[in-house]
Amino acid sequence: MNSMGLALAVLGAVSASLFAGIGSAKGVGLVGEAASGVVSVDPNKFSKVLILQLLPGTQGLYGLLTAILLLSRIGVIGGNAVELTTAQGLMFLGASLPIAIVGLFSGIAQGRTAAAGVGITAKKPEHNGKGIIMSAMVETYAILALLVSILLIYNIAI
């Protein structure tokens with residue numbers, strides 16, 4: 001078995017989970033900081049700002065999903081790892097990069113946008129939905145990256 005090919009594919013799974021998770025953690029943290037100030041003044045706004053805080057967390061979930069699908073595809077999950085050439089391993093690594101990179105940057109960008117939405121909620125709680133919609137627009141690009149990664153993972157011949 002070519003252990004280099006398998007190692008590269010596993011590195012792809014790790015990258016998808018790691019970088020998208022970092023983006024989500026940073027984004028959720030940014031919103032949490034903004035939301036804490038609002039809730040300390042008006043605890044009744046907790047549910048409105050919580051929704052905004054949850055939004056940047058999805059990139060981490062997309063990275064985790066990509067990692068699970070990749071590990072399943074190469075047989076690491078299930079106990080029967082397939083033999084991969086170095087080229088195949090590189091392809092799996094490359095397939096993980098869309099969600100890894102976009103997840104990192106969009107998680108942070110979505111966090112900033114959602115934090116601004118917390119500001120809207122603080123001043124005009126009835127306009128909370130506008131902050132959610134603006135934040136959700138950033139999500140579009142994470143979803144597209146997830147789709148590209150999944151399509152690539154399932155179209156690599158093994």
# chains A, B, ... in the order shown; residues from 1 in each chain; ligands from 1
>>> select_by_dssp(residues="segment 13-112 of chain A", states="alpha helix (DSSP H)", output="NGL selection string")
:A and (13-41 or 46-54 or 58-73 or 86-112)
>>> closest_atom_pairs(of="segment 44-105 of chain A", to="segment 122-126 of chain A", cutoff="12 Å", atoms="only C-alpha atoms", output="JSON lines")
{"residue": "A:Asn44", "atom": "CA", "partner": "A:Pro125", "partner_atom": "CA", "distance": 10.2}
{"residue": "A:Lys45", "atom": "CA", "partner": "A:Pro125", "partner_atom": "CA", "distance": 7.7}
{"residue": "A:Phe46", "atom": "CA", "partner": "A:Ala122", "partner_atom": "CA", "distance": 10.4}
{"residue": "A:Ser47", "atom": "CA", "partner": "A:Pro125", "partner_atom": "CA", "distance": 11.0}
{"residue": "A:Lys48", "atom": "CA", "partner": "A:Pro125", "partner_atom": "CA", "distance": 7.9}
{"residue": "A:Val49", "atom": "CA", "partner": "A:Ala122", "partner_atom": "CA", "distance": 8.8}
>>> write_last_selection(atoms="N, CA and C atoms", output="CSV table (one decimal), in the first residue's frame")
chain,number,residue,atom,x,y,z
A,44,ASN,N,-33.5,40.2,27.6
A,44,ASN,CA,-34.6,39.8,26.7
A,44,ASN,C,-34.2,39.6,25.3
A,45,LYS,N,-33.1,40.2,24.9
A,45,LYS,CA,-32.6,40.1,23.5
A,45,LYS,C,-31.7,38.8,23.3
A,46,PHE,N,-31.6,38.0,24.3
A,46,PHE,CA,-30.7,36.8,24.2
A,46,PHE,C,-31.1,35.9,23.0
A,47,SER,N,-32.3,35.6,22.8
A,47,SER,CA,-32.7,34.6,21.7
A,47,SER,C,-32.4,35.3,20.4
A,48,LYS,N,-32.6,36.6,20.2
A,48,LYS,CA,-32.3,37.2,18.9
A,48,LYS,C,-30.8,37.2,18.6
A,49,VAL,N,-30.0,37.5,19.6
A,49,VAL,CA,-28.6,37.6,19.3
A,49,VAL,C,-28.0,36.1,19.2
>>> residues_around(residues="Val138 of chain A", least_positions_apart="5", cutoff="10 Å", atoms="only C-alpha atoms", output="list in words")
Leu55, Pro56, Ser106, Gly107, Ile108, Ala109, Gln110, Gly111, Thr113, Ala114, Ile133 and Ile143 of chain A
>>> write_last_selection(atoms="N, CA and C atoms", output="PDB file, in the first residue's frame")
ATOM      1  N   LEU A  55     -24.884  31.416  13.456  1.00  0.00           N
ATOM      2  CA  LEU A  55     -24.668  31.385  12.008  1.00  0.00           C
ATOM      3  C   LEU A  55     -23.225  31.097  11.576  1.00  0.00           C
ATOM      4  N   PRO A  56     -22.209  31.756  12.132  1.00  0.00           N
ATOM      5  CA  PRO A  56     -20.849  31.453  11.672  1.00  0.00           C
ATOM      6  C   PRO A  56     -20.355  30.060  12.066  1.00  0.00           C
ATOM      7  N   SER A 106     -14.782  32.620   5.281  1.00  0.00           N
ATOM      8  CA  SER A 106     -16.201  32.993   5.366  1.00  0.00           C
ATOM      9  C   SER A 106     -16.714  32.903   6.799  1.00  0.00           C
ATOM     10  N   GLY A 107     -16.163  32.010   7.600  1.00  0.00           N
ATOM     11  CA  GLY A 107     -16.563  31.941   9.010  1.00  0.00           C
ATOM     12  C   GLY A 107     -16.238  33.234   9.739  1.00  0.00           C
ATOM     13  N   ILE A 108     -15.054  33.772   9.459  1.00  0.00           N
ATOM     14  CA  ILE A 108     -14.655  35.034  10.076  1.00  0.00           C
ATOM     15  C   ILE A 108     -15.489  36.184   9.519  1.00  0.00           C
ATOM     16  N   ALA A 109     -15.663  36.218   8.201  1.00  0.00           N
ATOM     17  CA  ALA A 109     -16.460  37.290   7.586  1.00  0.00           C
ATOM     18  C   ALA A 109     -17.908  37.241   8.062  1.00  0.00           C
ATOM     19  N   GLN A 110     -18.445  36.045   8.171  1.00  0.00           N
ATOM     20  CA  GLN A 110     -19.819  35.921   8.648  1.00  0.00           C
ATOM     21  C   GLN A 110     -19.924  36.352  10.106  1.00  0.00           C
ATOM     22  N   GLY A 111     -18.903  36.075  10.886  1.00  0.00           N
ATOM     23  CA  GLY A 111     -18.881  36.525  12.268  1.00  0.00           C
ATOM     24  C   GLY A 111     -18.909  38.042  12.365  1.00  0.00           C
ATOM     25  N   THR A 113     -20.052  40.098  10.089  1.00  0.00           N
ATOM     26  CA  THR A 113     -21.360  40.553   9.616  1.00  0.00           C
ATOM     27  C   THR A 113     -22.430  40.322  10.682  1.00  0.00           C
ATOM     28  N   ALA A 114     -22.395  39.171  11.316  1.00  0.00           N
ATOM     29  CA  ALA A 114     -23.369  38.864  12.374  1.00  0.00           C
ATOM     30  C   ALA A 114     -23.170  39.775  13.582  1.00  0.00           C
ATOM     31  N   ILE A 133     -30.353  38.115   7.652  1.00  0.00           N
ATOM     32  CA  ILE A 133     -30.271  37.970   6.188  1.00  0.00           C
ATOM     33  C   ILE A 133     -28.897  38.393   5.679  1.00  0.00           C
ATOM     34  N   ILE A 143     -21.475  27.346   1.398  1.00  0.00           N
ATOM     35  CA  ILE A 143     -22.276  26.252   0.831  1.00  0.00           C
ATOM     36  C   ILE A 143     -21.747  25.858  -0.546  1.00  0.00           C
TER      37      ILE A 143
END
>>> atom_distance(atom1="atom CA of Met4 of chain A", atom2="atom CA of Val82 of chain A")
12.2 Å
>>> residues_around(residues="Leu93 of chain A", least_positions_apart="3", cutoff="9 Å", atoms="only C-alpha atoms", output="PyMOL selection string")
chain A and resi 8-13+15-16+88-90+96-97
>>> write_last_selection(atoms="N, CA and C atoms", output="short mmCIF file (atom, residue, chain, number, x, y, z; two decimals), in the first residue's frame")
data_model
loop_
_atom_site.label_atom_id
_atom_site.label_comp_id
_atom_site.auth_asym_id
_atom_site.auth_seq_id
_atom_site.Cartn_x
_atom_site.Cartn_y
_atom_site.Cartn_z
N LEU A 8 -1.82 11.75 2.44
CA LEU A 8 -2.24 13.01 1.81
C LEU A 8 -3.76 13.17 1.85
N ALA A 9 -4.47 12.08 1.62
CA ALA A 9 -5.93 12.13 1.67
C ALA A 9 -6.41 12.44 3.09
N VAL A 10 -5.80 11.81 4.08
CA VAL A 10 -6.16 12.08 5.47
C VAL A 10 -5.81 13.53 5.82
N LEU A 11 -4.70 14.03 5.32
CA LEU A 11 -4.35 15.44 5.52
C LEU A 11 -5.44 16.36 4.95
N GLY A 12 -6.02 15.95 3.83
CA GLY A 12 -7.14 16.71 3.27
C GLY A 12 -8.32 16.76 4.22
N ALA A 13 -8.66 15.62 4.80
CA ALA A 13 -9.78 15.57 5.75
C ALA A 13 -9.48 16.44 6.97
N SER A 15 -7.47 19.01 7.07
CA SER A 15 -7.48 20.41 6.64
C SER A 15 -8.90 20.97 6.56
N ALA A 16 -9.81 20.19 5.99
CA ALA A 16 -11.20 20.65 5.87
C ALA A 16 -11.78 20.93 7.25
N GLN A 88 -3.56 10.25 -6.33
CA GLN A 88 -4.92 10.19 -5.79
C GLN A 88 -4.99 10.91 -4.44
N GLY A 89 -3.98 10.71 -3.60
CA GLY A 89 -3.93 11.40 -2.32
C GLY A 89 -3.91 12.90 -2.49
N LEU A 90 -3.13 13.37 -3.46
CA LEU A 90 -3.09 14.80 -3.75
C LEU A 90 -4.44 15.31 -4.24
N SER A 96 -10.39 18.81 -0.70
CA SER A 96 -10.77 19.36 0.61
C SER A 96 -10.51 20.86 0.71
N LEU A 97 -9.71 21.39 -0.17
CA LEU A 97 -9.30 22.79 -0.05
C LEU A 97 -10.42 23.82 -0.24
#
